[in-house]
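**Q** Please see the structure below; I have some questions.
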Amino acid sequence: MAGTDHHCPHCGAELRGGPHRGGSHPGGTPGCPYDGLAYAALRAGHDAIYFGSWRRIDAHPMEILRGYHRIGRHLAAIGAELAGRDLPPAALDLGQAIEAHHAADPRADARDALRFMDNALSYAHRAIDDLLLEKGLPPHQPMDFAHWYDVVEVPFREEE
């Protein structure tokens, strides 16, 4: 792809394309596509996992384990954001995400580990959406940021 590769300051994900793509600062300095968005770090963290190599059909077991650990750290970040807030829907979604994450542990050779990992990430997404809804904002749409990631396909995605 034409242009230079850059890294997102929120998530460290490689951002592909030239400086004139969305998210760039005036003057051509590469910027973050999440700048100015509510819960930017949570959104970027989610998308880095969502578009991660662990979801590829031919993913190496080490990539799956890395994805599992990234999901765990992401859930902890959402938990930190929710700490001290009275937001029952987000707390419920986070609880379901944590439950799915525990069931997904690929080190235990768990049956259906990838499905549980995907479920954990989906519940995490719902928790982020709950936070956005509390502010009166629309839900997060990862596909709006897909062009910033090296995405060929997104496995497990339901057809719309």
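Lettering and numbering for the structure tokens are positional, with chains as A, B, ... in the shown order, residues counted from 1 in each chain, and ligands counted from 1 in the shown order.
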Any idea what's packed within 7 Å of stretch 57-71 of chain A, counting only C-alpha atoms, ignoring anything in its chain fewer than 4 positions away? Could you give it as a CSV table (one decimal) with C-alpha atoms, in the first residue's frame?
**A**
```csv
chain,number,residue,atom,x,y,z
A,49,ILE,CA,-7.6,-6.8,19.4
A,53,SER,CA,-3.8,-11.6,14.0
A,75,LEU,CA,-11.0,-6.0,30.4
A,106,PRO,CA,-6.1,-21.4,25.4
A,117,MET,CA,-12.4,-15.1,23.2
A,121,LEU,CA,-14.4,-9.2,23.1
```
**Q** Please provide the set of residues having any atom within 10 Å of stretch 76-80 of chain A, restricted to only C-alpha atoms, with same-chain residues fewer than 4 positions apart removed, written as a PyMOL selection string.
**A** chain A and resi 39+41-42+45+70-72+84-85+90-91+94-95+98+124-125+127-128+131
**Q** Could those residues be written to a file, using N, CA and C atoms, as a compact mmCIF listing (two decimals), in the first residue's frame?
**A**
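Heads up, here's the output in selection_11.txt:
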```txt
# COMPACT_ATOMS: atom_id res chain seq x y z
N TYR A 39 -13.49 8.03 25.30
CA TYR A 39 -12.94 6.69 25.57
C TYR A 39 -12.04 6.21 24.44
N ALA A 41 -8.85 5.53 24.27
CA ALA A 41 -7.94 4.42 24.57
C ALA A 41 -8.69 3.09 24.59
N LEU A 42 -9.92 3.08 25.12
CA LEU A 42 -10.70 1.84 25.14
C LEU A 42 -11.10 1.44 23.73
N GLY A 45 -7.94 0.23 21.94
CA GLY A 45 -7.58 -1.08 22.48
C GLY A 45 -8.47 -2.18 21.94
N ARG A 70 -4.14 -10.00 25.69
CA ARG A 70 -4.56 -8.62 25.35
C ARG A 70 -6.01 -8.40 25.77
N ILE A 71 -6.85 -9.39 25.55
CA ILE A 71 -8.25 -9.26 25.97
C ILE A 71 -8.31 -9.08 27.48
N GLY A 72 -7.54 -9.85 28.23
CA GLY A 72 -7.51 -9.72 29.68
C GLY A 72 -7.11 -8.32 30.13
N GLY A 84 -16.09 2.76 40.57
CA GLY A 84 -16.75 3.88 41.24
C GLY A 84 -17.95 4.45 40.51
N ARG A 85 -18.30 3.90 39.38
CA ARG A 85 -19.46 4.38 38.62
C ARG A 85 -20.65 3.46 38.88
N ALA A 90 -23.18 -1.66 31.99
CA ALA A 90 -21.76 -1.84 31.66
C ALA A 90 -21.12 -2.84 32.60
N ALA A 91 -21.49 -2.79 33.88
CA ALA A 91 -20.95 -3.75 34.84
C ALA A 91 -21.38 -5.18 34.48
N LEU A 94 -19.38 -6.23 31.40
CA LEU A 94 -18.01 -6.52 31.79
C LEU A 94 -17.93 -7.87 32.52
N GLY A 95 -18.89 -8.13 33.39
CA GLY A 95 -18.92 -9.42 34.09
C GLY A 95 -19.04 -10.59 33.12
N ILE A 98 -15.69 -11.03 31.34
CA ILE A 98 -14.71 -11.70 32.20
C ILE A 98 -15.00 -13.20 32.28
N ALA A 124 -17.03 -6.93 25.85
CA ALA A 124 -16.23 -5.74 26.14
C ALA A 124 -16.69 -4.58 25.27
N HIS A 125 -16.98 -4.87 24.01
CA HIS A 125 -17.49 -3.85 23.10
C HIS A 125 -18.80 -3.28 23.63
N ALA A 127 -19.74 -3.12 26.72
CA ALA A 127 -19.45 -2.28 27.89
C ALA A 127 -18.98 -0.90 27.45
N ILE A 128 -18.16 -0.84 26.40
CA ILE A 128 -17.72 0.46 25.86
C ILE A 128 -18.92 1.22 25.33
N LEU A 131 -20.80 2.83 28.09
CA LEU A 131 -20.15 4.07 28.54
C LEU A 131 -20.47 5.22 27.58
```
**Q** What does the structure give for the distance between atom CA of A:Trp54 and atom CA of A:Ala40, in Å to one decimal?
**A** 22.4 Å
**Q** Need to verify the contact set: A:His101, 7 Å, only C-alpha atoms, exclusion of same-chain residues closer than 4 positions in sequence. Can you return it as a PyMOL selection string?
**A** chain A and resi 97+105+116-117+120
**Q** Per DSSP on the backbone, filter stretch 22-111 of chain A down to the residues in alpha helix (DSSP H) and report them as number ranges by chain.
**A** A: 40-50, 61-82, 88-103
**Q** For atom CA of A:His46 and atom CA of A:Ala108, determine how far apart the two atoms are, in Å to one decimal place.
**A**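 Atom CA of A:His46 sits 24.1 Å away from atom CA of A:Ala108.
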**Q** Between atom CA of A:Pro139 and atom CA of A:Arg115, what is the distance, to one decimal in Å?
**A**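 Spanning atom CA of A:Pro139 to atom CA of A:Arg115 is a straight-line distance of 22.8 Å.
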**Q** Using only C-alpha atoms, what table do you get, as a Markdown table, when you list each residue of stretch 44-133 of chain A with an atom no more than 10 Å from stretch 142-151 of chain A, its nearest pair of atoms, and their distance in Å rounded to one decimal, rows by chain then rising number?
**A**
```
| residue | atom | partner | partner_atom | distance |
| --- | --- | --- | --- | --- |
| A:Ala44 | CA | A:Pro142 | CA | 8.9 |
| A:His46 | CA | A:Pro142 | CA | 8.2 |
| A:Asp47 | CA | A:Pro142 | CA | 6.0 |
| A:Ala48 | CA | A:Tyr149 | CA | 8.0 |
| A:Tyr50 | CA | A:Pro142 | CA | 7.9 |
| A:Phe51 | CA | A:Val151 | CA | 6.5 |
| A:Gly52 | CA | A:Val151 | CA | 8.5 |
| A:Ser53 | CA | A:Val151 | CA | 9.1 |
| A:Arg56 | CA | A:Val151 | CA | 9.9 |
| A:His125 | CA | A:Pro142 | CA | 9.4 |
```
